[in-house]
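Trainee: Below is one structure. I have some questions about it.
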Amino acid sequence: MTKRTNDYFTSRWGFVLSMMGVAVGAGNIWRFAHVVAKNGGGSFIIPWVIFLFLWSIPLIISEIALGKTTRRAPIGALAESGGKSIGWMGAFVALVTTGILFYYSVVVGWGIRYFCYSITGGLTRTADYQNVWLDFTHSLQPLFFHIIALLVGCFVIHKGIAKGIEKSNKFLIPALLLMIVIISIRAVTLPGSWEGIQFLFTPHLKDLLNYRIWIEALTQNAWDTGAGWGLLLVYAGYAHRKESVTVNGALAAFANNAVSLLMGVTIFSAVFALESPQAIGQLISGEGASNTGLIFIYLLKLFNMLPGGDLTHTLFASIFFLAFSFAALSSMISMLQLTSQTFNELGLTRNLAILCTGALALLLGAPSALHMAFFDNQDWVWSLGLVVNGLFISIAIIRYGTNRLRTKAVNSAPHDFKLGKIYNVLIGVAIPIQAIVLIGWYFTQSITRLDRTQWWNPFRVYSVGTILMQWGIGLILFLIMNRWLVRKSLAPSREIKK
Amino acid sequence: MSIYTLLTMVFVIGSVFGGLALTLRYALKRPQGEENE
């Protein structure tokens, strides 16, 4: 990871596809459908698109620009651009992404397990996919496949960027997109699918006034696109100086939101065409494990509807879950990369940094693999952390100078789309306001109205207390260690620690 | 189908796929072979 002089992406499409590999993953395929289902369909999707333009695209462009300028992991990047006093903000950015990594590897493990189920024909012997899912999530198997996912991820980053990630993404991303197009066509041609499409696109005014819908829409768009994770910041450190910032960033954001939409149309067409009204009601209210496992249940039912019998089912399920596993794996690899690069910059050797990251993810991800309530808690706490990440990245840029970053880094690549002063307004005003308003709205609503007696309880899945405790531990620790973190991250010696 | 559903469809699909088409068009029209020199 510190091979700065020669370990670059070798082509424009390699870099773009790798960025899509970061963005297209479990967020689009697994998380989008299940978050839409529990947040009201059309009422959710309107703010989700608004945040694409007001949050994700400006942040992605900024992360690429910062990455190309500083060529450092988040602590070094934020300290170098925004000043040494805010290194702790970079550490928090890395902590949030690492927190997501701990349960993301569990989702990668689910994908690998379902690929094994599919290729061995295990899924053609039953039609009760809900029970298959429930049996699986209540066993020890998710822990075993979580370990497998981490071992594979650590092996790939150990082999280096251009060789491993770029080559695999050149094949896997197009394969995944082709699969999604084929199954979406089958889904929308099912009788009754139109009801699902209407659910996805029909808004309700009452829901649009609910803070939870807006927060979930922002965090989901950040999940979809990778905005505010710090991942694109790290990846851009390996891009060539002439590589475009705005066009590549916008392309990655639009492409993966398009994938999310396609998956949404596919899943809801299948659910409404194949399920009873009672089961649909349960899914929409977000009840039960079947909501979290939406794609692992309904896509399999959809594959059953394809012509060709068991052979087609096995073929489609195998290829789909293989592609899903790889797409999720490539996103997970970038998270492993970010965490291990951060450790590397703090003084660990490269191999030790990878080992520490893998071991931490294995230990701290194990509870999410074994308990769905713990998994949901981690998803809520660290997804909401992405809002704070966006705020911290914008603070770093404001301190550096939004106009300075725009002219020196965003608009520096030849043949790139040149951004006007609207960029300054989005980063300098819109992103801080969105972050402060949404988090403030959530805290005040929870404390004064919705969770008045238990909001402080740190052991409840969705309480304010659990967020304050988990974020607080990190923030206090990083504030105390700020000087050491910055000194280590900005030390020139890190470049030769191998 | 209600008018709100139709308007939401136009807004969502138009924004996402329209943005994707425009960005791809811009990306592919750029002169080739100047990066990674």
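Residues are named by chain letter and number: chains run A, B, ... in the order of the structure tokens, numbers start at 1 in each chain, and ligands are numbered from 1 in the order shown.
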Would you mind listing, for every residue of chain A within 8 Å of chain B, the two atoms forming the shortest contact and the distance between them in Å to one decimal, using only C-alpha atoms, sorted by chain and ascending residue number, as a Markdown table?
Mentor:
| residue | atom | partner | partner_atom | distance |
| --- | --- | --- | --- | --- |
| A:Thr10 | CA | B:Asn36 | CA | 7.1 |
| A:Ser11 | CA | B:Asn36 | CA | 7.2 |
| A:Arg12 | CA | B:Glu35 | CA | 7.4 |
| A:Gly42 | CA | B:Thr8 | CA | 7.4 |
| A:Ile45 | CA | B:Val12 | CA | 7.5 |
| A:Ile46 | CA | B:Val12 | CA | 6.9 |
| A:Val49 | CA | B:Val12 | CA | 6.4 |
| A:Gln198 | CA | B:Thr5 | CA | 6.8 |
| A:Phe201 | CA | B:Thr5 | CA | 5.4 |
| A:Thr202 | CA | B:Thr5 | CA | 4.5 |
| A:Pro203 | CA | B:Thr5 | CA | 6.9 |
| A:His240 | CA | B:Asn36 | CA | 6.0 |
| A:Lys242 | CA | B:Glu35 | CA | 5.6 |
| A:Glu243 | CA | B:Glu35 | CA | 6.3 |
| A:Val247 | CA | B:Thr23 | CA | 6.4 |
| A:Asn248 | CA | B:Ala27 | CA | 7.8 |
| A:Ala250 | CA | B:Thr23 | CA | 6.9 |
| A:Leu251 | CA | B:Thr23 | CA | 5.8 |
| A:Phe254 | CA | B:Leu20 | CA | 5.0 |
| A:Ala255 | CA | B:Leu20 | CA | 6.0 |
| A:Asn257 | CA | B:Val16 | CA | 6.6 |
| A:Ala258 | CA | B:Val16 | CA | 6.0 |
| A:His415 | CA | B:Arg30 | CA | 6.1 |
| A:Asp416 | CA | B:Arg30 | CA | 7.9 |
Trainee: Can you tell me, as a list in words, what residues are no more than 10 Å from A:Glu275 when counting only C-alpha atoms, ignoring any on the same chain fewer than 5 positions away?
Mentor: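 Neighbouring residues, sequence-local ones excluded: Gly192, Ala270, Ile280, Gly281, Tyr298 and Lys301 of chain A.
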Trainee: Select, from A:Asn411, A:Gln220, A:Gly358, A:Ala430, the residue with the minimum atom-to-atom distance to A:Ile157, counting only C-alpha atoms.
Mentor: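 For A:Ile157, the nearest of the candidates is A:Gly358.
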Trainee: Could you tell me how far atom CA of A:Val437 lies from atom CA of A:Val425, in Å and to one decimal?
Mentor: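 Here the two named atoms are 16.6 Å from each other.
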Trainee: Out of stretch 208-255 of chain A, which residues get helix (DSSP H, G or I) from DSSP, as an NGL selection string?
Mentor: :A and (208 or 211-225 or 231-236 or 246-255)
Trainee: List as a list in words the protein and nucleic acid residues near A:Trp223, meaning an atom at most 10 Å away when only C-alpha atoms are counted, but skip any in the same chain fewer than 3 places from it.
Mentor: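 Returned residues: Ala23, Val24, Gly25, Ala26, Gly27, Asn28, Arg31, Phe32, Ser56, Ile100, Ala217, Leu218, Thr219, Gln220, Gly226, Ala227, Gly228, Trp229, Ser383 and Leu386 of chain A.
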Trainee: Work out how far atom CA of A:Ser340 is from atom CA of A:Leu352, in Å to one decimal.
Mentor: 8.6 Å
Trainee: What lies within 7 Å of A:Met332 using only C-alpha atoms, ignoring chain neighbours under 5 positions off, as a PyMOL selection string?
Mentor: chain A and resi 101+104-105
Trainee: Keeping all heavy atoms for every residue in the selection just given, could you write it to a file as a JSON list (two decimals), in the first residue's frame?
Mentor:
[["chain", "number", "residue", "atom", "x", "y", "z"],
["A", 101, "LEU", "N", -16.97, -1.76, 8.28],
["A", 101, "LEU", "CA", -16.25, -2.97, 7.84],
["A", 101, "LEU", "C", -16.56, -4.17, 8.72],
["A", 101, "LEU", "O", -16.72, -5.29, 8.23],
["A", 101, "LEU", "CB", -14.74, -2.69, 7.85],
["A", 101, "LEU", "CG", -13.80, -3.90, 7.83],
["A", 101, "LEU", "CD1", -13.87, -4.59, 6.47],
["A", 101, "LEU", "CD2", -12.36, -3.48, 8.12],
["A", 104, "TYR", "N", -19.85, -5.39, 7.60],
["A", 104, "TYR", "CA", -19.92, -5.56, 6.14],
["A", 104, "TYR", "C", -19.36, -6.93, 5.75],
["A", 104, "TYR", "O", -19.87, -7.59, 4.85],
["A", 104, "TYR", "CB", -19.12, -4.44, 5.47],
["A", 104, "TYR", "CG", -19.43, -4.23, 4.01],
["A", 104, "TYR", "CD1", -20.30, -3.24, 3.60],
["A", 104, "TYR", "CD2", -18.84, -5.02, 3.02],
["A", 104, "TYR", "CE1", -20.57, -3.03, 2.27],
["A", 104, "TYR", "CE2", -19.12, -4.83, 1.69],
["A", 104, "TYR", "CZ", -19.99, -3.83, 1.32],
["A", 104, "TYR", "OH", -20.26, -3.64, -0.01],
["A", 105, "SER", "N", -18.29, -7.33, 6.45],
["A", 105, "SER", "CA", -17.69, -8.62, 6.13],
["A", 105, "SER", "C", -18.68, -9.76, 6.41],
["A", 105, "SER", "O", -18.60, -10.82, 5.78],
["A", 105, "SER", "CB", -16.41, -8.82, 6.94],
["A", 105, "SER", "OG", -16.66, -8.59, 8.31]]
Trainee: Tell me, in Å to one decimal, how far atom CA of A:Ile480 is from atom CA of A:Ser394.
Mentor: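 For atom CA of A:Ile480 relative to atom CA of A:Ser394, the distance reads 22.3 Å.
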